Amino acid sequence: MLRRLARLLPQNGRNRLRAWQLKSLDAWRGRRDPNISSTGESADVERDCRFCATARVGHLVIGNVAPTHPGPFEHEDYRLLLCTLCEVVYLDPQPSDRDLQTLYQDSVQFSDKTYSDDAAALRVLDSYTRRIDRLGLVPTAAQSVLEVGAGLAWVSRACKQRSPGVHTVAQDVSTECATACPWVDEYIVGTIQAVSREPRFAFASMTHVIEHLIDPAVMLIEMEARMLRGGHIYITAPYRPPLWKPREGIRPWLHYSYLHVPAHIAYLSQTWLRQAAAKARLEFVHWDDTHDGHQVFEAVLRKP
């Protein structure tokens, strides 16, 4: 009955309802497990921010988090910090180059039912198709699409479904999905530098990718160089636990389904993305952090 009533709500209402359901579940877990702290460490720290590049800026130490991936990794102890200036929540210490290889080149990422089950895959595809439709981002025939950190290239597939004549280019550092995406015209295995640095793309996407990057601001600069004037960049990424406030501390993060340690290096903010877009000579045109119960943000940038 509750699910049927929820379907009558507008999408924003359904996202808000899901957020409160998740927060209630977190509170219930906290009562059952009193060993989980409800607050972060009491003291703030002053340090250089790796994301807004500000020297000696205040940070809130949210709390400690353990690896969620089997590793091995260079570190076993991590913490989450919140920069009070750019509002980015990020992992400290950050993963090493060897850790990144362990995560993305030495392991299998797309083996669970979200990717192997046909019905689940169609739900993911439908979600991205509806999003690019709603935002008016579907490219026209003969235009080119770039999907960065593509994996199974859901956005390329959605573009092909809506406009079969588009040319799709997918890039990923892993070989895992390179032969599994017949909707991709060109699958490039390597870093973004392996994609020709010329302005030829009318649309580009990074879906659940930017949170994995050591320097996401540099990636925006690299993408801008490959975009046609008027082209759009679509970004989705984990944002925060549902309706999280700094005073709630670490506990909601420990139950956050998007907490992947050390894979997720940063949980970015609207403040940071606006600043990084301007430095990359991109216009900031859309932000929505209500997706999946206020756990995921979506943003659109445009090359003027």
# chains A, B, ... in the order shown; residues from 1 in each chain; ligands from 1
$ residues_around --residues "A:Arg50" --least-positions-apart "3" --cutoff "9 Å" --atoms "only C-alpha atoms" --output "MDAnalysis selection string"
chainID A and resid 53:54 90 215
$ write_last_selection --atoms "C-alpha atoms" --output "CSV table (one decimal), in the first residue's frame"
chain,number,residue,atom,x,y,z
A,53,ALA,CA,43.8,24.0,-3.4
A,54,THR,CA,43.4,26.4,-0.4
A,90,TYR,CA,37.2,13.3,1.0
A,215,ASP,CA,42.3,15.1,-9.5
$ select_by_dssp --residues "stretch 107-213 of chain A" --states "strand (DSSP E)" --output "VMD selection string"
chain A and resid 144 to 148 167 to 172 186 to 189 201 to 207
$ closest_residue --among "A:Ile210, A:Ala299, A:Val148, A:Val57" --to "A:Ala194" --atoms "only C-alpha atoms"
A:Val148
$ atom_distance --atom1 "atom CA of A:Arg274" --atom2 "atom CA of A:Cys49"
16.4 Å
$ atom_distance --atom1 "atom CA of A:Ala277" --atom2 "atom CA of A:Ile221"
8.3 Å
$ residues_around --residues "A:Ser144" --least-positions-apart "2" --cutoff "12 Å" --atoms "only C-alpha atoms" --output "PyMOL selection string"
chain A and resi 138-142+146-147+156+159-160+163-170+184-186+199-205+226-228+231-232
$ write_last_selection --atoms "C-alpha atoms" --output "CSV table (one decimal), in the first residue's frame"
chain,number,residue,atom,x,y,z
A,138,VAL,CA,20.1,13.4,-26.5
A,139,PRO,CA,22.6,14.0,-29.4
A,140,THR,CA,21.4,14.0,-33.0
A,141,ALA,CA,22.5,11.7,-35.7
A,142,ALA,CA,26.1,12.1,-36.9
A,146,LEU,CA,32.3,10.4,-25.3
A,147,GLU,CA,31.7,8.3,-22.2
A,156,SER,CA,26.3,5.4,-24.9
A,159,CYS,CA,22.2,7.5,-26.8
A,160,LYS,CA,22.2,4.8,-29.5
A,163,SER,CA,19.5,8.3,-31.9
A,164,PRO,CA,21.0,5.3,-33.7
A,165,GLY,CA,23.1,7.5,-36.0
A,166,VAL,CA,25.3,8.9,-33.2
A,167,HIS,CA,29.0,7.8,-33.0
A,168,THR,CA,29.8,6.5,-29.6
A,169,VAL,CA,33.3,6.5,-28.1
A,170,ALA,CA,33.9,4.8,-24.7
A,184,VAL,CA,29.9,1.4,-28.6
A,185,ASP,CA,31.5,2.2,-32.0
A,186,GLU,CA,35.0,2.8,-30.5
A,199,PRO,CA,37.0,19.2,-30.1
A,200,ARG,CA,34.7,16.7,-31.7
A,201,PHE,CA,32.2,15.6,-29.1
A,202,ALA,CA,28.7,17.2,-28.8
A,203,PHE,CA,27.9,15.2,-25.6
A,204,ALA,CA,30.1,13.6,-22.9
A,205,SER,CA,29.3,11.8,-19.7
A,226,ARG,CA,37.6,17.5,-26.5
A,227,MET,CA,34.1,19.1,-26.6
A,228,LEU,CA,32.5,21.1,-29.4
A,231,GLY,CA,28.5,20.6,-26.1
A,232,HIS,CA,27.3,19.3,-22.7
$ closest_residue --among "A:Pro67, A:Pro72, A:Gly151, A:Gly293" --to "A:Ala180" --atoms "only C-alpha atoms"
A:Gly151
$ select_by_dssp --residues "stretch 181-253 of chain A" --states "alpha helix (DSSP H)" --output "PyMOL selection string"
chain A and resi 216-225+251-253
$ write_last_selection --atoms "C-alpha atoms" --output "CSV table (one decimal), in the first residue's frame"
chain,number,residue,atom,x,y,z
A,216,PRO,CA,38.8,15.6,-10.9
A,217,ALA,CA,39.5,19.2,-11.8
A,218,VAL,CA,42.1,18.1,-14.3
A,219,MET,CA,39.6,15.7,-15.8
A,220,LEU,CA,37.2,18.5,-16.5
A,221,ILE,CA,39.9,20.5,-18.3
A,222,GLU,CA,40.8,17.4,-20.4
A,223,MET,CA,37.1,16.9,-21.3
A,224,GLU,CA,36.6,20.6,-22.2
A,225,ALA,CA,39.4,20.3,-24.7
A,251,ARG,CA,27.5,6.9,11.7
A,252,PRO,CA,25.4,7.7,8.6
A,253,TRP,CA,28.5,7.2,6.4
$ residues_around --residues "A:Gln101" --least-positions-apart "5" --cutoff "12 Å" --atoms "only C-alpha atoms" --output "list in words"
Gly71, Pro72, Phe73, Glu74, Pro95, Ser96, Asp106, Ser107, Val108, Val173, Ser174, Pro262 and Ala263 of chain A
$ atom_distance --atom1 "atom CA of A:Pro304" --atom2 "atom CA of A:Arg281"
7.9 Å
$ decode --residues "stretch 94-202 of chain A" --atoms "C-alpha atoms" --output "tab-separated table (two decimals), in the first residue's frame"
chain	number	residue	atom	x	y	z
A	94	GLN	CA	44.21	9.01	-0.66
A	95	PRO	CA	44.91	5.71	-2.45
A	96	SER	CA	48.31	5.20	-4.08
A	97	ASP	CA	48.88	4.43	-7.76
A	98	ARG	CA	49.33	0.78	-6.78
A	99	ASP	CA	46.01	0.85	-4.93
A	100	LEU	CA	44.29	2.24	-8.03
A	101	GLN	CA	45.73	-0.57	-10.13
A	102	THR	CA	44.45	-3.11	-7.59
A	103	LEU	CA	40.98	-1.58	-7.75
A	104	TYR	CA	40.54	-1.09	-11.47
A	105	GLN	CA	42.95	-3.26	-13.41
A	106	ASP	CA	43.57	-6.26	-11.15
A	107	SER	CA	39.97	-6.93	-10.11
A	108	VAL	CA	36.54	-7.68	-11.61
A	109	GLN	CA	34.03	-4.85	-11.18
A	110	PHE	CA	30.95	-5.84	-13.17
A	111	SER	CA	30.06	-9.33	-11.95
A	112	ASP	CA	27.07	-8.85	-9.62
A	113	LYS	CA	23.38	-9.07	-10.56
A	114	THR	CA	23.11	-5.33	-11.22
A	115	TYR	CA	25.05	-6.00	-14.43
A	116	SER	CA	24.43	-9.69	-15.20
A	117	ASP	CA	20.67	-9.81	-14.60
A	118	ASP	CA	18.79	-8.70	-17.73
A	119	ALA	CA	15.92	-7.06	-15.83
A	120	ALA	CA	18.30	-5.11	-13.58
A	121	ALA	CA	20.36	-4.00	-16.57
A	122	LEU	CA	17.25	-2.74	-18.34
A	123	ARG	CA	16.28	-0.71	-15.25
A	124	VAL	CA	19.69	0.96	-15.24
A	125	LEU	CA	19.43	1.66	-18.97
A	126	ASP	CA	15.90	3.05	-18.57
A	127	SER	CA	17.07	5.35	-15.77
A	128	TYR	CA	19.85	6.92	-17.85
A	129	THR	CA	17.61	7.14	-20.93
A	130	ARG	CA	14.95	9.03	-18.98
A	131	ARG	CA	17.55	11.37	-17.48
A	132	ILE	CA	19.13	12.44	-20.75
A	133	ASP	CA	15.64	12.77	-22.29
A	134	ARG	CA	14.46	15.00	-19.43
A	135	LEU	CA	17.54	17.20	-19.62
A	136	GLY	CA	17.39	17.51	-23.41
A	137	LEU	CA	20.84	16.00	-23.85
A	138	VAL	CA	20.13	13.37	-26.52
A	139	PRO	CA	22.60	13.99	-29.37
A	140	THR	CA	21.42	14.02	-32.96
A	141	ALA	CA	22.50	11.66	-35.74
A	142	ALA	CA	26.09	12.11	-36.93
A	143	GLN	CA	27.16	13.74	-33.65
A	144	SER	CA	29.77	12.07	-31.44
A	145	VAL	CA	29.43	11.00	-27.80
A	146	LEU	CA	32.26	10.42	-25.32
A	147	GLU	CA	31.72	8.28	-22.21
A	148	VAL	CA	34.57	8.59	-19.70
A	149	GLY	CA	35.22	5.70	-17.31
A	150	ALA	CA	32.58	3.90	-19.32
A	151	GLY	CA	32.47	0.38	-17.89
A	152	LEU	CA	29.41	-1.11	-19.60
A	153	ALA	CA	28.74	2.25	-21.30
A	154	TRP	CA	25.13	2.73	-20.22
A	155	VAL	CA	24.94	6.31	-21.48
A	156	SER	CA	26.34	5.36	-24.89
A	157	ARG	CA	23.72	2.64	-25.08
A	158	ALA	CA	20.97	5.10	-24.13
A	159	CYS	CA	22.18	7.54	-26.81
A	160	LYS	CA	22.21	4.81	-29.46
A	161	GLN	CA	18.71	3.78	-28.42
A	162	ARG	CA	17.41	7.32	-28.83
A	163	SER	CA	19.51	8.31	-31.85
A	164	PRO	CA	20.99	5.30	-33.70
A	165	GLY	CA	23.13	7.46	-35.96
A	166	VAL	CA	25.33	8.87	-33.19
A	167	HIS	CA	28.97	7.83	-33.03
A	168	THR	CA	29.80	6.50	-29.57
A	169	VAL	CA	33.29	6.50	-28.06
A	170	ALA	CA	33.88	4.85	-24.66
A	171	GLN	CA	37.06	5.20	-22.58
A	172	ASP	CA	38.10	3.12	-19.58
A	173	VAL	CA	41.37	2.15	-17.92
A	174	SER	CA	40.14	-1.45	-17.58
A	175	THR	CA	39.79	-4.04	-20.36
A	176	GLU	CA	36.92	-5.77	-18.54
A	177	CYS	CA	34.04	-4.41	-20.65
A	178	ALA	CA	35.86	-3.51	-23.87
A	179	THR	CA	34.33	-6.37	-25.87
A	180	ALA	CA	30.96	-6.45	-24.08
A	181	CYS	CA	29.39	-3.26	-25.48
A	182	PRO	CA	28.20	-3.69	-29.11
A	183	TRP	CA	26.49	-0.27	-28.86
A	184	VAL	CA	29.91	1.39	-28.63
A	185	ASP	CA	31.52	2.24	-31.97
A	186	GLU	CA	35.00	2.77	-30.49
A	187	TYR	CA	36.10	1.44	-27.07
A	188	ILE	CA	39.43	2.93	-25.95
A	189	VAL	CA	41.33	1.22	-23.14
A	190	GLY	CA	43.62	3.73	-21.45
A	191	THR	CA	43.49	7.08	-19.67
A	192	ILE	CA	41.72	10.14	-21.09
A	193	GLN	CA	44.99	11.01	-22.86
A	194	ALA	CA	44.35	8.02	-25.15
A	195	VAL	CA	41.37	9.92	-26.60
A	196	SER	CA	42.41	12.31	-29.36
A	197	ARG	CA	42.62	15.85	-27.94
A	198	GLU	CA	40.47	17.57	-30.50
A	199	PRO	CA	37.05	19.21	-30.09
A	200	ARG	CA	34.73	16.67	-31.70
A	201	PHE	CA	32.16	15.63	-29.08
A	202	ALA	CA	28.70	17.18	-28.75
